[in-house]
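A.B. asks: Input structure: entry.tsv, which contains TSV, C-alpha atoms.
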chain	number	residue	atom	x	y	z
A	26	MET	CA	48.50	-2.98	-0.40
A	27	THR	CA	47.85	-6.23	-2.20
A	28	GLU	CA	44.66	-8.21	-1.76
A	29	ALA	CA	46.52	-10.87	0.22
A	30	ALA	CA	48.10	-8.28	2.49
A	31	VAL	CA	44.70	-6.79	3.33
A	32	ILE	CA	42.97	-10.13	3.93
A	33	SER	CA	45.76	-12.10	5.61
A	34	GLY	CA	45.06	-12.72	9.29
A	35	LYS	CA	41.44	-11.56	9.19
A	36	VAL	CA	38.90	-13.71	11.01
A	37	VAL	CA	36.13	-14.54	8.53
A	38	VAL	CA	32.86	-16.36	9.17
A	39	ILE	CA	30.90	-17.79	6.24
A	40	THR	CA	27.36	-19.13	6.57
A	41	GLY	CA	26.20	-21.83	4.20
A	42	GLY	CA	29.84	-22.77	3.86
A	43	ALA	CA	29.50	-26.50	3.26
A	44	ARG	CA	29.24	-26.29	-0.52
A	45	GLY	CA	28.83	-24.04	-3.55
A	46	ILE	CA	29.60	-20.34	-3.27
A	47	GLY	CA	30.26	-20.55	0.46
A	48	LEU	CA	32.85	-23.28	0.11
A	49	ALA	CA	34.53	-21.59	-2.87
A	50	THR	CA	34.75	-18.35	-0.88
A	51	ALA	CA	36.19	-20.16	2.13
A	52	ARG	CA	38.87	-21.72	-0.05
A	53	ALA	CA	39.77	-18.45	-1.75
A	54	LEU	CA	40.02	-16.45	1.48
A	55	ARG	CA	41.96	-19.22	3.22
A	56	ASP	CA	44.43	-19.16	0.35
A	57	LEU	CA	44.80	-15.40	0.87
A	58	GLY	CA	45.73	-15.97	4.52
A	59	ALA	CA	42.40	-15.38	6.25
A	60	ARG	CA	41.43	-17.38	9.32
A	61	VAL	CA	38.17	-18.84	8.05
A	62	ALA	CA	35.30	-20.48	9.93
A	63	ILE	CA	32.39	-22.07	8.07
A	64	GLY	CA	28.97	-23.00	9.39
A	65	ASP	CA	26.10	-24.82	7.75
A	66	VAL	CA	22.88	-26.52	8.82
A	67	ASP	CA	24.15	-29.64	7.01
A	68	GLU	CA	26.48	-30.81	9.77
A	69	PRO	CA	28.04	-33.89	8.08
A	70	THR	CA	28.88	-31.97	4.90
A	71	VAL	CA	30.24	-28.88	6.66
A	72	LYS	CA	32.48	-31.05	8.80
A	73	GLU	CA	33.78	-32.83	5.72
A	74	SER	CA	34.34	-29.52	3.92
A	75	GLY	CA	35.97	-27.85	6.92
A	76	ALA	CA	38.33	-30.75	7.49
A	77	GLY	CA	39.15	-30.86	3.79
A	78	LEU	CA	40.17	-27.20	3.85
A	79	GLY	CA	42.16	-27.64	7.05
A	80	LEU	CA	40.10	-25.06	8.93
A	81	ASP	CA	40.19	-24.71	12.70
A	82	VAL	CA	36.50	-23.90	13.18
A	83	TYR	CA	33.57	-25.46	11.35
A	84	GLY	CA	30.29	-26.98	12.41
A	85	ARG	CA	26.53	-26.84	12.44
A	86	LEU	CA	24.96	-23.41	12.14
A	87	ASP	CA	21.24	-22.76	11.76
A	88	VAL	CA	20.97	-19.14	10.60
A	89	THR	CA	17.28	-19.03	11.58
A	90	ASP	CA	18.05	-19.81	15.24
A	91	PRO	CA	19.47	-16.94	17.35
A	92	GLU	CA	20.95	-19.34	19.88
A	93	SER	CA	22.70	-21.39	17.20
A	94	PHE	CA	24.04	-18.30	15.43
A	95	THR	CA	25.23	-16.67	18.64
A	96	ALA	CA	26.89	-19.85	19.89
A	97	PHE	CA	28.74	-20.30	16.60
A	98	LEU	CA	30.05	-16.72	16.60
A	99	ASP	CA	31.07	-17.09	20.26
A	100	GLU	CA	33.02	-20.24	19.43
A	101	VAL	CA	34.77	-18.53	16.52
A	102	GLU	CA	35.86	-15.66	18.74
A	103	ARG	CA	37.04	-18.04	21.47
A	104	GLN	CA	39.24	-19.94	19.03
A	105	LEU	CA	40.24	-17.37	16.41
A	106	GLY	CA	39.68	-13.95	17.97
A	107	PRO	CA	37.34	-11.05	17.17
A	108	ILE	CA	35.40	-11.49	13.94
A	109	ASP	CA	36.51	-9.13	11.19
A	110	VAL	CA	34.18	-10.33	8.43
A	111	LEU	CA	30.81	-12.05	8.30
A	112	ILE	CA	29.66	-13.36	4.93
A	113	ASN	CA	25.92	-14.08	4.99
A	114	ASN	CA	25.83	-16.66	2.22
A	115	ALA	CA	23.28	-19.26	3.38
A	116	GLY	CA	20.25	-19.35	1.11
A	117	ILE	CA	17.85	-21.61	-0.75
A	118	MET	CA	16.11	-21.35	-4.12
A	119	PRO	CA	13.11	-23.67	-4.52
A	120	ALA	CA	11.52	-23.15	-7.94
A	121	GLY	CA	8.02	-23.48	-9.30
A	122	ALA	CA	4.76	-21.68	-9.88
A	123	PHE	CA	3.93	-19.25	-7.08
A	124	VAL	CA	0.33	-20.47	-6.73
A	125	ASP	CA	1.58	-24.01	-6.14
A	126	GLU	CA	4.20	-23.08	-3.54
A	127	PRO	CA	3.28	-24.51	-0.13
A	128	ASP	CA	3.09	-21.95	2.66
A	129	ARG	CA	5.69	-23.96	4.55
A	130	VAL	CA	8.17	-23.52	1.69
A	131	THR	CA	7.40	-19.80	1.38
A	132	ARG	CA	8.12	-19.33	5.07
A	133	ARG	CA	11.28	-21.45	4.84
A	134	ILE	CA	12.67	-19.29	2.01
A	135	LEU	CA	11.99	-16.11	3.96
A	136	ASP	CA	13.33	-17.56	7.22
A	137	ILE	CA	16.67	-18.59	5.69
A	138	ASN	CA	17.18	-15.96	2.98
A	139	VAL	CA	15.86	-12.91	4.82
A	140	TYR	CA	15.66	-13.50	8.57
A	141	GLY	CA	18.96	-15.38	8.55
A	142	VAL	CA	20.69	-12.38	6.93
A	143	LEU	CA	18.95	-9.92	9.25
A	144	LEU	CA	20.00	-11.95	12.27
A	145	GLY	CA	23.57	-12.45	11.11
A	146	SER	CA	23.99	-8.78	10.23
A	147	LYS	CA	22.68	-7.72	13.63
A	148	LEU	CA	24.81	-10.15	15.62
A	149	ALA	CA	27.91	-9.16	13.67
A	150	ALA	CA	27.24	-5.43	14.00
A	151	GLN	CA	26.75	-5.79	17.74
A	152	ARG	CA	30.28	-7.15	17.96
A	153	MET	CA	31.90	-4.94	15.33
A	154	VAL	CA	30.50	-1.48	16.10
A	155	PRO	CA	32.02	-1.23	19.62
A	156	ARG	CA	35.42	-2.12	18.10
A	157	GLY	CA	35.00	0.42	15.31
A	158	ARG	CA	35.82	-2.03	12.53
A	159	GLY	CA	34.39	-4.93	10.58
A	160	HIS	CA	32.74	-5.88	7.32
A	161	VAL	CA	29.45	-7.67	6.62
A	162	VAL	CA	29.08	-9.05	3.10
A	163	ASN	CA	25.60	-10.23	2.15
A	164	ILE	CA	25.18	-12.54	-0.84
A	165	ALA	CA	22.12	-11.22	-2.66
A	166	SER	CA	21.36	-11.96	-6.32
A	167	LEU	CA	20.69	-10.20	-9.60
A	168	ALA	CA	17.29	-11.88	-9.22
A	169	ALA	CA	16.64	-9.09	-6.69
A	170	GLU	CA	16.32	-6.75	-9.66
A	171	THR	CA	15.10	-9.21	-12.30
A	172	PRO	CA	11.48	-10.44	-12.17
A	173	THR	CA	11.85	-14.17	-12.77
A	174	PRO	CA	8.79	-16.43	-13.20
A	175	GLY	CA	9.09	-19.51	-11.03
A	176	LEU	CA	11.24	-17.70	-8.46
A	177	ALA	CA	8.81	-15.11	-7.10
A	178	THR	CA	9.52	-15.68	-3.40
A	179	TYR	CA	13.25	-16.07	-4.01
A	180	CYS	CA	13.31	-12.76	-5.94
A	181	ALA	CA	11.45	-11.08	-3.09
A	182	SER	CA	13.87	-12.49	-0.53
A	183	LYS	CA	16.94	-11.27	-2.39
A	184	ALA	CA	15.39	-7.83	-2.95
A	185	ALA	CA	15.00	-7.66	0.83
A	186	VAL	CA	18.66	-8.60	1.33
A	187	LEU	CA	19.77	-5.89	-1.10
A	188	SER	CA	17.59	-3.23	0.53
A	189	LEU	CA	18.74	-4.26	4.00
A	190	THR	CA	22.39	-4.05	3.03
A	191	GLU	CA	22.02	-0.61	1.50
A	192	ALA	CA	20.18	0.72	4.56
A	193	LEU	CA	22.75	-0.73	6.97
A	194	ARG	CA	25.61	0.70	4.93
A	195	VAL	CA	24.18	4.21	5.29
A	196	GLU	CA	23.24	3.72	8.95
A	197	HIS	CA	26.78	2.62	9.83
A	198	ARG	CA	28.64	5.02	7.57
A	199	ASP	CA	30.59	6.61	10.45
A	200	THR	CA	31.10	3.53	12.61
A	201	GLY	CA	34.02	1.90	10.79
A	202	VAL	CA	31.81	-1.10	9.90
A	203	GLU	CA	31.26	-1.77	6.19
A	204	PHE	CA	28.22	-3.42	4.59
A	205	SER	CA	28.37	-4.74	1.03
A	206	ALA	CA	26.15	-6.80	-1.25
A	207	VAL	CA	27.24	-9.28	-3.90
A	208	LEU	CA	24.74	-9.85	-6.71
A	209	PRO	CA	25.56	-13.01	-8.66
A	210	THR	CA	23.79	-14.05	-11.81
A	211	PHE	CA	22.70	-17.69	-11.93
A	212	THR	CA	25.74	-19.61	-10.70
A	213	ASN	CA	26.81	-23.17	-11.38
A	214	THR	CA	25.85	-24.67	-8.04
A	215	GLU	CA	23.05	-27.00	-6.97
A	216	LEU	CA	20.67	-24.03	-6.97
A	217	VAL	CA	20.43	-24.17	-10.78
A	218	ALA	CA	20.37	-27.96	-11.09
A	219	GLY	CA	18.17	-29.07	-13.96
A	220	THR	CA	17.99	-25.66	-15.65
A	221	LYS	CA	19.42	-24.54	-19.00
A	222	GLY	CA	20.49	-21.00	-18.16
A	223	VAL	CA	19.54	-17.75	-19.89
A	224	LYS	CA	19.93	-17.89	-23.66
A	225	GLY	CA	23.08	-16.14	-24.84
A	226	PHE	CA	24.56	-15.70	-21.36
A	227	ARG	CA	26.82	-17.95	-19.37
A	228	ASN	CA	26.28	-18.79	-15.73
A	229	ALA	CA	28.85	-17.57	-13.22
A	230	GLU	CA	31.21	-19.96	-11.45
A	231	PRO	CA	31.46	-20.10	-7.64
A	232	ALA	CA	35.11	-19.05	-7.86
A	233	GLU	CA	34.06	-15.81	-9.56
A	234	ILE	CA	31.77	-14.96	-6.65
A	235	ALA	CA	34.59	-15.78	-4.25
A	236	ALA	CA	36.92	-13.44	-6.14
A	237	ALA	CA	34.31	-10.68	-5.97
A	238	VAL	CA	34.05	-11.10	-2.19
A	239	ALA	CA	37.83	-10.93	-1.85
A	240	GLY	CA	37.83	-7.75	-3.95
A	241	LEU	CA	35.25	-6.17	-1.64
A	242	LEU	CA	37.35	-6.97	1.41
A	243	GLU	CA	40.35	-5.32	-0.22
A	244	LYS	CA	38.42	-2.25	-1.43
A	245	PRO	CA	34.98	-1.99	0.21
A	246	ARG	CA	32.12	-0.95	-2.05
A	247	ALA	CA	28.37	-0.89	-1.67
A	248	ARG	CA	27.76	-3.67	-4.18
A	249	VAL	CA	29.27	-5.71	-6.97
A	250	SER	CA	27.56	-7.75	-9.70
A	251	VAL	CA	28.86	-11.04	-11.10
A	252	THR	CA	29.15	-11.39	-14.01
A	253	ARG	CA	29.84	-7.86	-15.21
A	254	THR	CA	27.93	-8.54	-18.41
A	255	ALA	CA	24.82	-9.67	-16.54
A	256	GLY	CA	25.10	-6.73	-14.16
A	257	ALA	CA	25.40	-4.29	-17.05
A	258	LEU	CA	22.32	-5.77	-18.71
A	259	ILE	CA	20.27	-5.41	-15.53
A	260	ALA	CA	21.47	-1.82	-15.15
A	261	LEU	CA	20.43	-1.12	-18.75
A	262	GLN	CA	16.98	-2.55	-18.17
A	263	LYS	CA	16.37	0.04	-15.46
A	264	VAL	CA	16.35	2.83	-18.06
A	265	LEU	CA	14.41	0.96	-20.74
A	266	PRO	CA	10.62	0.94	-20.99
A	267	ARG	CA	9.05	-1.97	-19.13
A	268	ALA	CA	7.57	-3.37	-22.36
A	269	VAL	CA	11.07	-3.59	-23.82
A	270	THR	CA	12.58	-5.32	-20.80
A	271	GLU	CA	9.77	-7.86	-20.69
A	272	PHE	CA	10.18	-8.52	-24.40
A	273	LEU	CA	13.89	-9.12	-23.88
A	274	GLY	CA	13.11	-11.47	-21.02
A	275	ARG	CA	10.89	-13.52	-23.30
A	276	ARG	CA	13.52	-13.59	-26.04
A	277	PHE	CA	16.17	-14.82	-23.59
A	278	GLY	CA	13.85	-17.57	-22.36
A	279	GLN	CA	13.57	-16.15	-18.86
A	280	GLU	CA	9.83	-16.77	-18.58
A	281	HIS	CA	10.25	-20.54	-18.85
A	282	LEU	CA	13.67	-21.04	-17.28
A	283	PHE	CA	12.32	-22.15	-13.88
A	284	LEU	CA	8.88	-23.31	-14.96
A	285	ASP	CA	8.61	-25.31	-18.19
A	286	ASP	CA	12.26	-25.81	-19.16
A	287	VAL	CA	13.35	-27.64	-16.01
A	288	ASP	CA	14.67	-31.19	-15.88
A	289	GLN	CA	12.72	-32.15	-12.78
A	290	ALA	CA	14.60	-35.41	-12.29
A	291	ALA	CA	17.95	-33.59	-12.26
A	292	ARG	CA	16.57	-31.01	-9.84
A	293	GLN	CA	14.72	-33.36	-7.50
A	294	ALA	CA	17.51	-33.93	-4.97
A	295	TYR	CA	18.18	-30.21	-4.53
A	296	GLU	CA	14.47	-29.35	-4.30
A	297	ARG	CA	13.94	-31.92	-1.56
A	298	ARG	CA	16.83	-30.56	0.48
A	299	ALA	CA	15.91	-26.90	-0.12
A	300	ARG	CA	12.31	-27.52	0.88
A	301	GLY	CA	13.39	-29.31	4.04
A	302	GLU	CA	11.90	-32.63	2.98
A	303	ASN	CA	15.02	-34.50	4.14
A	304	ASP	CA	14.84	-33.04	7.64
Translate the structure of the given file into structure tokens.
C.D. replies:
Amino acid sequence: MTEAAVISGKVVVITGGARGIGLATARALRDLGARVAIGDVDEPTVKESGAGLGLDVYGRLDVTDPESFTAFLDEVERQLGPIDVLINNAGIMPAGAFVDEPDRVTRRILDINVYGVLLGSKLAAQRMVPRGRGHVVNIASLAAETPTPGLATYCASKAAVLSLTEALRVEHRDTGVEFSAVLPTFTNTELVAGTKGVKGFRNAEPAEIAAAVAGLLEKPRARVSVTRTAGALIALQKVLPRAVTEFLGRRFGQEHLFLDDVDQAARQAYERRARGEND
């Protein structure tokens, strides 16, 4: 069957769907015939994005709040039917030296990036397992396997997402419910505002992540990396001596990417929103 034939008619929920990877994925799956619902804590933007895509269900969703998450999933099922796919995409990436990171920001990263994925995965599985079908796709990051100065808590949060997804995949092997992880490299969204990227490597585009998600829905796999080149490099580093991988990281400028080489003015708006300073 073609990708469109597999995806057409499926009810898909995407968290963090107001912009960036979430919005690109919503657009791609809608174009393939899925019945897409997007939620985001940024209510004005998610309403604008949902209306722009012509979706039937969109609105405020706080992935750290069980009542908000449950109510949103209930509304999706009332309007669109049983949920076939949940894409846990919501996440934040404040950058800076670990010793300077306020405890409030550390907790916020873990609440959204880790607890939000745990909660979404659990709520989805509770609905999917009794029906014997469903797919949970968790957006992790290649940062889960790449020590990146300036992103220590973010790296830890994405490593947790990856480990969670792998454990749930094994635990639900015989239930008919699939669990997959997508590991993007740095992607051209607000998360990398003010940064120059890794020397010699291009950033991914949101549409590439969306295409990877669609591919997983067509042919479920445990994980997929985007870009392939970045994924292959990370895989290679696993078999190289640590001294070599750290040397390569220095040569590619990784040690300064989110510390010294940041245009703080260009990044200020995203950092304020990610850190909850606009709330």
A.B. asks: Please determine, counting only C-alpha atoms, which residue among A:Val82, A:Pro172, A:Asn114, A:Arg55 has the shortest atom-to-atom distance to Arg267 in chain A.
C.D. replies: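 The answer is A:Pro172, which sits nearest to Arg267 in chain A.
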A.B. asks: Could you give me, as a PyMOL selection string, the residues within 12 Å of Gly256 in chain A, counting all atoms listed in the file and dropping anything in the same chain fewer than 2 positions from it?
C.D. replies: chain A and resi 166-171+207-211+226+229+248-254+258-263
A.B. asks: Rounded to one decimal in Å, what is the spacing between CA of Ala291 in chain A and CA of Val217 in chain A?
C.D. replies: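 Value for the CA of Ala291 in chain A-CA of Val217 in chain A distance: 9.9 Å.
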A.B. asks: Which value, in Å to one decimal, gives the distance between CA of Gln104 in chain A and CA of Gly84 in chain A?
C.D. replies: 13.2 Å
A.B. asks: Can you measure CA of Ala120 in chain A to CA of Asp90 in chain A for me? One decimal in Å is fine.
C.D. replies: 24.3 Å
A.B. asks: My list of candidates is A:Leu111, A:Ala235, A:Ala150, A:Ile164. Which is closest to Ala51 in chain A when distances are computed with only C-alpha atoms?
C.D. replies: A:Ala235
A.B. asks: I'd like the contact shell of range 174-188 of chain A - 8 Å cut-off, only C-alpha atoms, skipping same-chain residues fewer than 3 positions apart - returned as a VMD selection string.
C.D. replies: chain A and resid 117 to 123 131 134 to 135 138 to 139 142 163 to 166 168 to 171 191 to 192 206 279 to 284
A.B. asks: Need the shell around Arg133 in chain A: protein/DNA/RNA residues with any atom at most 10 Å away, counting only C-alpha atoms. Skip same-chain ones fewer than 6 positions apart. Format as a PyMOL selection string?
C.D. replies: chain A and resi 89+116-117+119+127+139-140+299-301
A.B. asks: Which protein, DNA or RNA residues are at most 8 Å from (19.4, -29.7, -15.7) in the file's coordinates when you count only C-alpha atoms, listed as a ChimeraX atom specification?
C.D. replies: /A:217-221,287-289,291-292
A.B. asks: Which of these residues is nearest to Pro69 in chain A, using all atoms listed in the file: A:Val101, A:Pro245, A:Val223, A:Ala43?
C.D. replies: A:Ala43
A.B. asks: So, with all atoms listed in the file as the atoms that count, which of A:Gly41, A:Arg227, A:Glu302, A:Val161 lies closest to Arg246 in chain A?
C.D. replies: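 Result for the nearest residue to Arg246 in chain A: A:Val161.
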